[in-house]
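Here's the structure, in structure tokens; my notes come after.
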Amino acid sequence: MTLLYIGIALWCAAHLFKRVLPAARAGLTDRLGAGPAKGVVAAALLLSLVLMVLGYRGAECSPVYTPMAGAGHLNNLLMLVAVILLGAGSSKGRMRSWLRHPMLTGVIVWSGAHLLVNGDYASVVLFGAMAVWAVVEMTMINFAEDDWARPEPGPAKGDIRLLVISAVVFSVIAGIH
């Protein structure tokens, strides 16, 4: 579990670094340059993912609650929605204008879907922490940038492309998972 805790902490620190310590983040960019500074943050995020996976996989199964019977189907539907939301921010269609934070909303949906079917302590820690992180990130972004300009909706073909790509990505995730 220690690796899981460290991975979650590193994930949150790397993502919140720019918002919590903007002068330190700017100093890193000044010292290393924009590309290498982003590389350091990306390396920290990659390390955090590796630590979370290793920590989660190595954790003992300590039940906290019993998941609802039959929740697997709802989980799959919510996961498809999460994949669509994760892609919506980068899409060129109409959906990109629906939410201010589609990717972070996707993380919350992803977390909730997994908590429906996993009732062990490691799952509660991992998926609960990711949901809390996403809410904190949204709040900090909204506080810092209260003048959000809703993107202009694109053509419907962008949404169709998003849905097709999301279905393929979801199928690959489901096949691997």
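Just so we're on the same page: first chain in the structure tokens is A, next is B, and so on; residues restart at 1 for each chain, and ligands are numbered from 1 in the order they show up.
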
key: Selection: 7 Å around Ile108 (chain A), only C-alpha atoms, excl. self and same-chain fewer than 4 positions, as a PyMOL selection string   = chain A and resi 104+112+131+134

query = Could you name the residues that touch Leu80 (chain A) at 8 Å or less, counting only C-alpha atoms, but leaving out those on the same chain fewer than 2 positions away, as a PyMOL selection string?
reply = chain A and resi 76-78+82-84+166-167+170

message = Counting only C-alpha atoms, which residue out of A:Phe127, A:Trp98, A:Trp148, A:Trp110 sits closest to Tyr5 (chain A)?
response = A:Phe127

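Distance-wise, CA of Leu21 (chain A) and CA of Met130 (chain A) end up 20.6 Å apart.
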
request  = Write out as an NGL selection string each polymer residue whose atoms come within 8 Å of Val81 (chain A), counting only C-alpha atoms; drop sequence neighbours fewer than 4 positions from it.
outcome  = :A and (77 or 85 or 106 or 109)

Using only C-alpha atoms: which of A:Ala113, A:Val135, A:Leu162, A:Ala42 has the shortest distance to Ala14 (chain A) =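 Of A:Ala113, A:Val135, A:Leu162, A:Ala42, the one nearest Ala14 (chain A) is A:Ala42, counting only C-alpha atoms.
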
query = What does the distance from CA of Val172 (chain A) to CA of Leu99 (chain A) come to in Å, to one decimal?
reply =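 Rounded to one decimal, the two atoms are 25.6 Å apart.
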
Skipping near chain neighbours, those fewer than 4 positions away, what residues fall within 6 Å of region 88-96 of chain A using only C-alpha atoms, listed as a compact mmCIF listing (two decimals) with N, CA, C and O atoms, in the first residue's frame?
```txt
# COMPACT_ATOMS: atom_id res chain seq x y z
N ILE A 84 -15.64 8.56 -23.30
CA ILE A 84 -16.15 9.65 -24.15
C ILE A 84 -15.79 11.01 -23.55
O ILE A 84 -15.31 11.90 -24.26
N PRO A 102 -14.33 18.37 -19.20
CA PRO A 102 -14.77 17.02 -19.58
C PRO A 102 -13.80 15.93 -19.14
O PRO A 102 -14.25 14.85 -18.70
N PRO A 153 -19.35 25.23 -30.56
CA PRO A 153 -19.61 23.85 -30.98
C PRO A 153 -19.15 23.63 -32.41
O PRO A 153 -19.32 24.47 -33.27
N GLY A 154 -18.52 22.48 -32.61
CA GLY A 154 -18.05 22.14 -33.94
C GLY A 154 -19.13 21.36 -34.69
O GLY A 154 -20.26 21.24 -34.24
N PRO A 155 -18.76 20.78 -35.81
CA PRO A 155 -19.73 20.02 -36.60
C PRO A 155 -20.06 18.68 -35.94
O PRO A 155 -19.26 18.14 -35.17
N ALA A 156 -21.22 18.15 -36.27
CA ALA A 156 -21.66 16.87 -35.72
C ALA A 156 -20.72 15.74 -36.09
O ALA A 156 -20.59 14.77 -35.34
N GLY A 158 -17.63 15.70 -35.91
CA GLY A 158 -16.64 15.61 -34.85
C GLY A 158 -17.13 14.74 -33.69
O GLY A 158 -16.36 13.98 -33.10
N ASP A 159 -18.41 14.85 -33.36
CA ASP A 159 -19.00 14.01 -32.31
C ASP A 159 -19.05 12.55 -32.75
O ASP A 159 -18.80 11.65 -31.95
```

inquiry  = Need to verify the contact set: Leu47 (chain A), 9 Å, only C-alpha atoms, exclusion of same-chain residues closer than 6 positions in sequence. Can you return it as a list in words?
reply    =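 Contacts, in chain order: Gly7, Leu10 and Trp11 of chain A.
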
query = Quick one: residues within 8 Å of Met1 (chain A), only C-alpha atoms counted, chain neighbours fewer than 4 positions away excluded, as a list in words?
reply =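 In the requested format, the answer is Tyr5, Gly55, Tyr56, Gly58, Ala59 and Ala122 of chain A.
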
query = Quick one: distance from CA of Arg100 (chain A) to CA of Val164 (chain A) in Å, one decimal?
reply =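 CA of Val164 (chain A) lies 22.2 Å from CA of Arg100 (chain A).
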
message = Given only C-alpha atoms as the basis, pick out the residue of A:Leu45, A:Pro36, A:Ala24, A:Asp120 nearest to Ala9 (chain A).
response =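 Nearest candidate to Ala9 (chain A) out of A:Leu45, A:Pro36, A:Ala24, A:Asp120: A:Leu45.
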
inquiry  = Considering only helix (DSSP H, G or I) as DSSP defines it on the backbone, what residues of region 66-165 of chain A qualify? List them as JSON, numbers by chain.
reply    = {"A": [71, 72, 73, 74, 75, 76, 77, 78, 79, 80, 81, 82, 83, 84, 85, 86, 87, 88, 95, 96, 97, 102, 103, 104, 105, 106, 107, 108, 109, 110, 111, 112, 113, 114, 115, 116, 117, 121, 122, 123, 124, 125, 126, 127, 128, 129, 130, 131, 132, 133, 134, 135, 136, 137, 138, 139, 140, 141, 142, 143, 144, 156, 157, 158, 159, 160, 161, 162, 163, 164, 165]}

request  = Do a neighbour search on Thr66 (chain A) at 9 Å with only C-alpha atoms, toss out local chain neighbours closer than 5 positions, and write the hits as a list in words.
outcome  =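 My reading of the contact set: Val117, Asn118, Gly119 and Asp120 of chain A.
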